[in-house]
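Q: This one is query07.csv, CSV, C-alpha atoms and all ligand atoms.
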chain,number,residue,atom,x,y,z
X,1,VAL,CA,6.5,10.9,-1.1
X,2,ALA,CA,8.3,14.0,0.1
X,3,GLN,CA,11.8,13.2,1.3
X,4,PRO,CA,13.3,15.1,4.2
X,5,ARG,CA,15.5,17.8,2.7
X,6,ASN,CA,19.3,17.6,3.2
X,7,ARG,CA,20.6,20.4,5.3
X,8,ILE,CA,23.8,22.1,4.1
X,9,LEU,CA,25.9,24.4,6.3
X,10,VAL,CA,27.6,27.1,4.2
X,11,VAL,CA,30.7,28.6,5.8
X,12,GLU,CA,31.8,31.6,3.7
X,13,ASP,CA,32.7,35.2,4.5
X,14,ASP,CA,32.2,36.5,0.9
X,15,ALA,CA,28.6,37.7,0.7
X,16,GLN,CA,28.6,37.4,-3.1
X,17,ILE,CA,29.6,33.8,-3.1
X,18,ARG,CA,27.0,33.1,-0.4
X,19,ARG,CA,24.3,34.6,-2.6
X,20,PHE,CA,25.5,32.4,-5.5
X,21,LEU,CA,25.5,29.3,-3.3
X,22,ARG,CA,22.1,30.1,-1.8
X,23,ALA,CA,20.5,30.6,-5.2
X,24,GLY,CA,21.8,27.3,-6.6
X,25,LEU,CA,21.4,25.1,-3.6
X,26,GLU,CA,17.9,26.2,-2.7
X,27,ALA,CA,16.8,25.8,-6.3
X,28,SER,CA,18.1,22.2,-6.0
X,29,GLY,CA,16.0,21.6,-2.9
X,30,TYR,CA,18.6,21.8,-0.2
X,31,GLU,CA,17.9,23.5,3.1
X,32,LEU,CA,20.6,26.0,3.9
X,33,SER,CA,22.2,27.7,6.9
X,34,GLU,CA,24.9,30.2,6.4
X,35,VAL,CA,27.7,31.5,8.6
X,36,ASP,CA,30.6,33.8,7.9
X,37,THR,CA,33.2,32.8,10.6
X,38,GLY,CA,34.9,29.7,11.8
X,39,ALA,CA,33.6,30.1,15.4
X,40,ARG,CA,30.0,30.3,14.2
X,41,ALA,CA,30.6,27.3,11.9
X,42,LEU,CA,31.6,25.1,14.8
X,43,ALA,CA,28.7,26.3,16.9
X,44,GLU,CA,26.2,25.8,14.0
X,45,ALA,CA,27.6,22.4,13.1
X,46,ALA,CA,27.1,21.2,16.7
X,47,SER,CA,23.6,22.6,17.1
X,48,ARG,CA,22.0,21.9,13.7
X,49,THR,CA,23.9,18.7,12.7
X,50,PRO,CA,24.0,19.5,9.0
X,51,ASP,CA,24.1,16.7,6.4
X,52,LEU,CA,27.0,18.4,4.6
X,53,VAL,CA,29.3,21.3,5.2
X,54,ILE,CA,30.7,23.6,2.5
X,55,LEU,CA,33.7,25.3,4.0
X,56,ASP,CA,35.6,28.3,2.6
X,57,LEU,CA,39.2,28.0,3.7
X,58,GLY,CA,39.9,31.7,3.8
X,59,LEU,CA,37.9,32.9,6.8
X,60,PRO,CA,38.6,36.0,8.9
X,61,ASP,CA,38.8,34.4,12.4
X,62,MET,CA,40.1,30.9,12.0
X,63,ASP,CA,42.2,28.7,9.8
X,64,GLY,CA,40.0,26.5,7.6
X,65,VAL,CA,42.2,23.5,8.3
X,66,GLU,CA,41.7,23.9,12.0
X,67,ILE,CA,37.9,23.9,11.5
X,68,VAL,CA,38.2,20.6,9.6
X,69,GLN,CA,40.3,19.2,12.5
X,70,ARG,CA,37.9,20.4,15.1
X,71,LEU,CA,34.8,19.0,13.2
X,72,ARG,CA,36.5,15.7,12.7
X,73,GLU,CA,37.1,15.3,16.5
X,74,TRP,CA,33.4,14.5,16.8
X,75,SER,CA,31.7,14.5,13.4
X,76,ALA,CA,31.8,12.4,10.2
X,77,VAL,CA,29.8,15.0,8.3
X,78,PRO,CA,31.0,15.3,4.7
X,79,ILE,CA,33.1,18.4,4.3
X,80,LEU,CA,33.6,20.1,0.9
X,81,VAL,CA,36.2,22.8,1.0
X,82,LEU,CA,36.3,25.8,-1.3
X,83,SER,CA,39.7,27.3,-1.9
X,84,ALA,CA,41.2,30.2,-3.8
X,85,ARG,CA,44.1,29.5,-6.1
X,86,ALA,CA,46.4,31.1,-3.7
X,87,ARG,CA,45.5,28.6,-1.0
X,88,GLU,CA,46.3,25.4,-2.8
X,89,HIS,CA,48.5,24.3,0.1
X,90,ASP,CA,45.6,24.8,2.6
X,91,LYS,CA,43.5,22.7,0.4
X,92,ILE,CA,45.8,19.7,0.6
X,93,ALA,CA,46.2,20.2,4.4
X,94,ALA,CA,42.4,20.3,4.7
X,95,LEU,CA,42.1,17.0,2.8
X,96,ASP,CA,44.8,15.5,5.0
X,97,ALA,CA,42.8,16.7,8.0
X,98,GLY,CA,39.7,14.8,6.8
X,99,ALA,CA,37.8,17.0,4.4
X,100,ASP,CA,36.1,14.9,1.7
X,101,ASP,CA,36.5,17.0,-1.4
X,102,TYR,CA,37.4,20.4,-2.7
X,103,LEU,CA,36.5,22.9,-5.4
X,104,THR,CA,38.9,25.7,-6.5
X,105,LYS,CA,37.3,29.1,-7.0
X,106,PRO,CA,35.8,30.0,-9.4
X,107,PHE,CA,33.7,26.9,-9.8
X,108,GLY,CA,30.4,26.2,-11.5
X,109,MET,CA,27.1,25.4,-9.8
X,110,GLY,CA,26.8,22.1,-11.8
X,111,GLU,CA,30.2,20.9,-10.6
X,112,LEU,CA,29.3,21.8,-7.0
X,113,LEU,CA,25.9,20.0,-7.1
X,114,ALA,CA,27.6,16.9,-8.6
X,115,ARG,CA,30.1,16.8,-5.8
X,116,ILE,CA,27.4,17.3,-3.2
X,117,ARG,CA,25.4,14.4,-4.6
X,118,VAL,CA,28.4,12.1,-4.5
X,119,ALA,CA,29.3,13.1,-0.9
X,120,LEU,CA,25.7,12.6,0.3
X,121,ARG,CA,25.4,9.3,-1.5
X,122,HIS,CA,28.5,8.0,0.3
X,123,ARG,CA,27.4,9.2,3.6
X,124,ASN,CA,24.1,7.3,3.1
X,125,ALA,CA,25.9,4.2,1.9
X,126,LEU,CA,28.1,4.3,5.1
X,127,ALA,CA,25.0,4.7,7.2
X,128,ASP,CA,23.6,1.6,5.6
X,129,GLY,CA,26.6,-0.4,6.9
X,130,ALA,CA,29.9,-1.0,5.3
X,131,THR,CA,30.0,-3.5,2.5
X,132,SER,CA,32.6,-6.1,2.0
X,133,VAL,CA,32.3,-5.9,-1.8
X,134,PHE,CA,33.1,-3.0,-4.0
X,135,GLU,CA,31.7,-3.0,-7.6
X,136,CYS,CA,32.1,-0.5,-10.3
X,137,GLU,CA,31.3,-1.4,-13.9
X,138,HIS,CA,33.5,-4.4,-14.7
X,139,LEU,CA,35.7,-4.1,-11.6
X,140,ARG,CA,34.8,-6.1,-8.5
X,141,VAL,CA,36.8,-6.2,-5.3
X,142,ASP,CA,35.7,-8.8,-2.7
X,143,PHE,CA,37.4,-7.7,0.5
X,144,SER,CA,36.5,-10.8,2.5
X,145,ALA,CA,37.9,-13.1,-0.1
X,146,ARG,CA,40.7,-10.6,-1.0
X,147,ARG,CA,39.8,-11.2,-4.6
X,148,VAL,CA,39.8,-8.6,-7.5
X,149,THR,CA,38.1,-9.4,-10.8
X,150,LEU,CA,37.8,-7.5,-14.0
X,151,ARG,CA,35.0,-8.7,-16.4
X,152,GLY,CA,34.9,-11.9,-14.2
X,153,ALA,CA,38.5,-12.7,-14.6
X,154,GLU,CA,40.8,-12.7,-11.6
X,155,VAL,CA,43.4,-9.9,-11.5
X,156,HIS,CA,46.6,-10.6,-9.6
X,157,LEU,CA,47.7,-7.7,-7.6
X,158,THR,CA,50.8,-7.4,-5.5
X,159,PRO,CA,50.2,-6.7,-1.8
X,160,ILE,CA,51.0,-3.0,-2.2
X,161,GLU,CA,48.7,-2.7,-5.3
X,162,TYR,CA,45.9,-4.4,-3.3
X,163,ARG,CA,46.3,-2.1,-0.4
X,164,LEU,CA,46.4,0.9,-2.7
X,165,LEU,CA,43.2,-0.2,-4.4
X,166,SER,CA,41.6,-0.9,-1.0
X,167,VAL,CA,42.3,2.6,0.3
X,168,LEU,CA,41.0,4.2,-2.9
X,169,THR,CA,37.8,2.1,-2.9
X,170,ARG,CA,37.2,2.9,0.8
X,171,HIS,CA,37.4,6.6,-0.1
X,172,ALA,CA,35.6,6.1,-3.5
X,173,ASP,CA,34.8,9.3,-5.3
X,174,LYS,CA,36.8,11.3,-2.8
X,175,VAL,CA,40.2,12.8,-3.3
X,176,VAL,CA,42.9,10.9,-1.4
X,177,THR,CA,46.0,13.0,-1.0
X,178,HIS,CA,49.5,11.6,-1.7
X,179,ARG,CA,50.3,11.9,2.0
X,180,GLN,CA,47.2,9.9,3.1
X,181,LEU,CA,47.9,7.2,0.5
X,182,LEU,CA,51.5,6.9,1.5
X,183,LYS,CA,50.6,6.8,5.1
X,184,GLU,CA,47.9,4.2,4.8
X,185,VAL,CA,49.6,1.9,2.3
X,186,TRP,CA,53.3,2.2,3.3
X,187,GLY,CA,53.2,3.7,6.8
X,188,PRO,CA,53.8,7.1,8.5
X,189,ALA,CA,57.5,7.0,7.8
X,190,TYR,CA,56.9,7.1,4.0
X,191,VAL,CA,54.7,10.2,3.6
X,192,GLU,CA,57.3,12.0,1.5
X,193,ARG,CA,58.0,9.2,-0.9
X,194,SER,CA,55.6,10.2,-3.7
X,195,HIS,CA,57.6,8.4,-6.3
X,196,TYR,CA,56.5,5.1,-4.7
X,197,LEU,CA,52.9,6.1,-5.5
X,198,ARG,CA,53.6,7.0,-9.1
X,199,VAL,CA,55.2,3.7,-9.8
X,200,HIS,CA,52.5,1.6,-8.1
X,201,MET,CA,49.6,3.6,-9.5
X,202,ALA,CA,51.0,3.1,-13.0
X,203,ALA,CA,51.1,-0.6,-12.3
X,204,LEU,CA,47.6,-0.7,-10.9
X,205,ARG,CA,46.3,1.3,-13.9
X,206,HIS,CA,48.1,-1.1,-16.2
X,207,LYS,CA,46.2,-4.0,-14.6
X,208,LEU,CA,42.8,-2.3,-14.3
X,209,GLU,CA,42.4,0.3,-17.0
X,210,SER,CA,41.8,-0.6,-20.6
X,211,ASP,CA,43.8,2.5,-21.6
X,212,PRO,CA,46.3,3.1,-18.7
X,213,ALA,CA,47.5,6.4,-20.3
X,214,ARG,CA,43.9,7.7,-20.2
X,215,PRO,CA,42.5,6.2,-17.0
X,216,ARG,CA,38.7,6.2,-16.5
X,217,PHE,CA,38.6,5.1,-12.8
X,218,LEU,CA,41.9,5.8,-11.2
X,219,LEU,CA,42.2,9.5,-11.8
X,220,THR,CA,45.0,11.8,-11.0
X,221,GLU,CA,44.2,15.0,-9.1
X,222,ALA,CA,47.2,17.1,-10.2
X,223,GLY,CA,49.4,18.1,-7.3
X,224,VAL,CA,47.0,16.7,-4.7
X,225,GLY,CA,46.5,13.0,-5.0
X,226,TYR,CA,44.2,10.4,-6.6
X,227,ARG,CA,40.5,9.7,-6.9
X,228,LEU,CA,38.8,6.4,-7.7
X,229,ILE,CA,35.5,7.3,-9.4
X,230,THR,CA,32.6,5.0,-9.4
X,231,THR,CA,30.6,6.6,-12.2
X,232,PRO,CA,33.1,7.3,-14.9
X,233,ALA,CA,32.0,9.3,-18.0
X,234,SER,CA,31.4,6.9,-20.8
X,235,THR,CA,34.1,6.9,-23.4
X,236,ALA,CA,33.3,8.1,-26.9
X,301,CA,CA,36.9,33.8,2.1
Please express what this file holds, its structure, as structure tokens.

A:
Amino acid sequence: VAQPRNRILVVEDDAQIRRFLRAGLEASGYELSEVDTGARALAEAASRTPDLVILDLGLPDMDGVEIVQRLREWSAVPILVLSARAREHDKIAALDAGADDYLTKPFGMGELLARIRVALRHRNALADGATSVFECEHLRVDFSARRVTLRGAEVHLTPIEYRLLSVLTRHADKVVTHRQLLKEVWGPAYVERSHYLRVHMAALRHKLESDPARPRFLLTEAGVGYRLITTPASTA
């Protein structure tokens, strides 16, 4: 049975990168529309309601972060931002504004396709209705019972650790910035206290990871935040 093709909106002013994206995405069965300015991106997103947006942050007419903010005013479409090394700060601002994920240029097509699959899977899972249980390998979080188990055995988390884990599972497979985590777990007054995060993430890893020094689920995104991944690579 033929499935409806997922539509991706590519917002990128560099023609060479657009060609690269078109070749890879069309070969993988996605339907593409392409624009090269922020203004066209907003118009296209509204008229064609894409399933996912790939957004270059360095556009000629508009700040990429502003585009994310404007889209988020009315749309929950997954947004994957592309940033150049020189725009690391924008990347974090874009995530704070509600972008789902990012890739730093230059990036490989395999990596991009993997990120797209994850973003679309989560979008579909959300469309199916929020679940009250999160499960990933041996870890199970039952939000209604407020119970965390690892290989069937209950894990005792402090209230802060539990909130931290809840936020990460709610955004599973997505990067959650330091700022977002501090705001959601501790509150808006604490967004600069990144040392809180380091301490409590270390504690959480200690309780949930078999090798806390080499985490498989609770990954660090250096300089950006953390990501809880639901399909960790198997360990050798
Ligand atoms: Ca650009």

Q: Within 7 Å of X:Leu164, counting only C-alpha atoms, which residues show up once you throw out same-chain ones fewer than 4 positions away? Write them as an mmCIF file with C-alpha atoms, keeping the file's coordinate frame, please.

A:
data_model
loop_
_atom_site.group_PDB
_atom_site.id
_atom_site.type_symbol
_atom_site.label_atom_id
_atom_site.label_comp_id
_atom_site.auth_asym_id
_atom_site.auth_seq_id
_atom_site.Cartn_x
_atom_site.Cartn_y
_atom_site.Cartn_z
ATOM 1 C CA ILE X 160 51.000 -3.000 -2.200
ATOM 2 C CA LEU X 168 41.000 4.200 -2.900
ATOM 3 C CA VAL X 185 49.600 1.900 2.300
#

Q: I want to know what sits within 8 Å of X:His138, based on only C-alpha atoms, with residues of the same chain fewer than 4 positions away left out; could you give that as a list in words?

A: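 The neighbour list is Thr149, Leu150, Arg151 and Gly152 of chain X.
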
Q: Name the closest residue to X:Ser75 among the candidates X:Ile229, X:Met109, X:Ala99, X:Ala202; distances are taken between atoms, counting only C-alpha atoms.

A: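 Selected residue with least distance to X:Ser75: X:Ala99.
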
Q: Grab me every residue within 9 Å of ligand CA 301 (chain X), counting only C-alpha atoms and all ligand atoms, and send it over as a ChimeraX atom specification.

A: /X:11-14,17,36,56-60,82-84

Q: Could you check how far atom CA of X:Lys174 sits from atom CA of X:Tyr102, in Å to one decimal?

A: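 Spanning atom CA of X:Lys174 to atom CA of X:Tyr102 is a straight-line distance of 9.1 Å.
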
Q: What lies within 10 Å of X:Lys207 using only C-alpha atoms, ignoring chain neighbours under 6 positions off, as a list in words?

A: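 Once the adjacent positions are removed, what remains is Leu150, Val155, His156, Leu157, Glu161 and Met201 of chain X.
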
Q: Store the residues of this selection in a file with C-alpha atoms, as a CSV table (one decimal), keeping the file's coordinate frame.

A:
chain,number,residue,atom,x,y,z
X,150,LEU,CA,37.8,-7.5,-14.0
X,155,VAL,CA,43.4,-9.9,-11.5
X,156,HIS,CA,46.6,-10.6,-9.6
X,157,LEU,CA,47.7,-7.7,-7.6
X,161,GLU,CA,48.7,-2.7,-5.3
X,201,MET,CA,49.6,3.6,-9.5

Q: What lies within 8 Å of stretch 192-198 of chain X using only C-alpha atoms, ignoring chain neighbours under 5 positions off, as a list in words?

A: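 What passes the distance filter is His178, Arg179, Leu181 and Leu182 of chain X.
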
Q: In terms of the shortest atom-to-atom distance over all atoms listed in the file, which of X:Leu95, X:Val191, X:Val35, X:Ala233 is closest to X:Val81?

A: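 Ranked by minimum distance to X:Val81, first place goes to X:Leu95.
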
Q: Do a neighbour search on stretch 215-228 of chain X at 9 Å with all atoms listed in the file, toss out local chain neighbours closer than 3 positions, and write the hits as a count of residues only.

A: 32

Q: Atom CA of X:Phe143 and atom CA of X:Asp51 are how many Å apart?

A: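 Atom CA of X:Asp51 lies 28.4 Å from atom CA of X:Phe143.
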
Q: Hey, which of X:Glu135, X:Glu31, X:Asp142, X:Asp101 ends up closest to X:Pro78? Count all atoms listed in the file.

A: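 Closest to X:Pro78 of all the choices is X:Asp101.
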
Q: Can I get the residues of stretch 71-183 of chain X within 12 Å of stretch 26-29 of chain X, each with the closest pair of atoms and their distance in Å to one decimal, using only C-alpha atoms, sorted chain first then ascending number, as a tab-separated table?

A:
residue	atom	partner	partner_atom	distance
X:Met109	CA	X:Ser28	CA	10.3
X:Gly110	CA	X:Ser28	CA	10.5
X:Leu112	CA	X:Ser28	CA	11.3
X:Leu113	CA	X:Ser28	CA	8.2
X:Ala114	CA	X:Ser28	CA	11.2
X:Ile116	CA	X:Ser28	CA	10.9
X:Arg117	CA	X:Ser28	CA	10.8
